[in-house]
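A short write-up of the structure that comes next.
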Amino acid sequence: MRDSRFVPPTRYPFATAIMLGMMLLTACSGMMGAATAEPTPVEVDAAQAEEVSASGEVTPGKWANLSFPNGGTQLDMLVSVGERVTQGQALIASADQAQRSALLQAQALLAKADLALDQLRGAPTEAALAAAEAALASAKLNYDRLDDAGADDNELEVAQAQVDSAQAALDELKAGASDQQIAAAEQELKAAQDGVSQAETAIADAALKAPFDSQVIEIFANEFETVAPQQPVLLLADLSSLQVETTDLSEVDAARIQVGDAARVVFDALPNQTFTGKVARIALKSSGGSAVYYKATIALDEIPTGLRWGMTAFVVIP
């Protein structure tokens, strides 16, 4: 008799296959569990995740490249690099030869008028008296020569007129100038002074003037050169208003900050120091280029000693 408890494997092939598959699946699961490590959670500081950071550059709050709208000739440098200037101050004069000649002539007339007035107001010099006496003596000798030679009445009248004129000049010199003469000389002096002022104004009007209180950073032309219209000849900047402008602030970060936000700034040139400031402006348009960056301007709470235009910075906006 056959034992009913024995079941040949060939009578239930499907069940056997299922059992073998479950055994294999269990074994594989165990192997995979042993080879794969559980992920380690990374803790992120929420404050750091919200910080915005960007590189930056130091720039002045106000600066300007100046040029002559119609060009300039015979440039006259009135300032030098590094000099501090005030608003309205002449920086570089441009004048042609005619303007310079007009000024020289006006100055010569002024000197002559000034000397004439001084002579009228003062006592006559010995040299002036001697010259007047010599002129009178010469006129008398000429009259006597003509009279002895039997000259006609017309020639004698002319010679007598010369004697009278020389005598009047000597008498006037000895008596001193009249009030009318001094007044006339004063008017001539005033006219000469006005002429010099007009000539100087003409040259000054052709000069570049400072548009604001600033410092001369660079001069791009040389003395006596001629420059073309709109050619930059001088760079001015107000270095008392240095600020920081970001150079790589992404569009995502630009949308996360606002004007008035506090900022921390460090400079490569001033290590181990951190300075504070505020976001003063955020550009309304990207700076262009291959990447989209926005310029944010940081106004510093204080301008550190040694800071210069163009130095690099790193900005953090919490």
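All residue names refer to the structure tokens as shown: chains lettered A, B, ... in order, residues numbered from 1 in each chain, ligands numbered from 1 in order.
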List as an NGL selection string the protein and nucleic acid residues near Thr73 of chain A, meaning an atom at most 6 Å away when only C-alpha atoms are counted, but skip any in the same chain fewer than 2 places from it.
:A and (75 or 94 or 226)
Include C-alpha atoms and write out the residues we just selected as a PDB file, in the first residue's frame.
```
ATOM      1  CA  LEU A  75      43.812 123.438 -24.252  1.00  0.00           C
ATOM      2  CA  SER A  94      39.864 126.153 -24.747  1.00  0.00           C
ATOM      3  CA  THR A 226      43.182 120.001 -29.953  1.00  0.00           C
TER       4      THR A 226
END
```
Do a neighbour search on segment 175-188 of chain A at 10 Å with only C-alpha atoms, toss out local chain neighbours closer than 2 positions, and write the hits as number ranges by chain.
A: 109-110, 112-124, 169-173, 190-194
Minimum-distance residue to Ala106 of chain A, chosen among A:Ser286, A:Thr274, A:Ser250, A:Ser197 (using only C-alpha atoms)
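Result for the nearest residue to Ala106 of chain A: A:Ser197.
Restricting the calculation to only C-alpha atoms, the smallest distance between Leu91 of chain A and any of A:Ala131, A:Val227, A:Val163, A:Leu66 is found for A:Leu66.
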Could you pull the residues within 7 Å of segment 51-58 of chain A, counting only C-alpha atoms, minus those fewer than 4 positions along the same chain, as a list in words?
Ala47, Leu242, Gln243, Val244, Glu245, Thr246, Thr247, Asp248, Leu249, Asp253, Arg308, Trp309, Gly310, Met311, Thr312, Ala313, Phe314, Val315, Val316, Ile317 and Pro318 of chain A
Can those selected residues be exported to a file as a CSV table (one decimal), in the first residue's frame so that it contains C-alpha atoms?
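Written output follows (part_8.csv):
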```csv
chain,number,residue,atom,x,y,z
A,47,ALA,CA,18.3,81.6,8.3
A,242,LEU,CA,31.3,105.7,-2.4
A,243,GLN,CA,28.8,102.8,-2.6
A,244,VAL,CA,28.7,99.1,-3.6
A,245,GLU,CA,27.0,97.8,-6.7
A,246,THR,CA,26.3,94.1,-7.1
A,247,THR,CA,27.7,92.4,-10.2
A,248,ASP,CA,26.1,88.9,-10.1
A,249,LEU,CA,22.8,89.2,-8.2
A,253,ASP,CA,17.6,86.8,-5.4
A,308,ARG,CA,38.7,103.2,-3.5
A,309,TRP,CA,36.7,103.2,-6.7
A,310,GLY,CA,36.7,99.8,-8.3
A,311,MET,CA,37.6,97.6,-5.3
A,312,THR,CA,35.8,94.3,-5.1
A,313,ALA,CA,33.2,93.4,-2.4
A,314,PHE,CA,30.9,90.6,-1.2
A,315,VAL,CA,27.4,91.5,-0.1
A,316,VAL,CA,25.1,89.5,2.2
A,317,ILE,CA,21.5,90.5,2.6
A,318,PRO,CA,19.8,88.5,5.4
```
Rank A:Ser138, A:Gln258, A:Thr305, A:Thr59 by their smallest atom-to-atom distance to Ala283 of chain A, using only C-alpha atoms, and report the top residue only.
A:Gln258
Given only C-alpha atoms as the counted atoms, nearest of A:Asn222, A:Ser290, A:Ser241, A:Gln215 to Gln87 of chain A:
A:Gln215
Name the residues of segment 40-203 of chain A that come out as helix (DSSP H, G or I) in a backbone DSSP run; write them as a PyMOL selection string.
chain A and resi 46-50+97-121+126-148+153-175+179-203
Determine, counting only C-alpha atoms, which protein, DNA and RNA residues have an atom within 12 Å of an atom of Ala204 of chain A; residues of the same chain fewer than 2 positions away are not included. Present the result as a ChimeraX atom specification.
/A:76,78,88-95,99-100,103,197-202,206-209
All residues 8 Å or closer to Glu133 of chain A, only C-alpha atoms, same chain fewer than 4 positions away omitted, as JSON, numbers by chain:
{"A": [129, 137, 166, 170]}
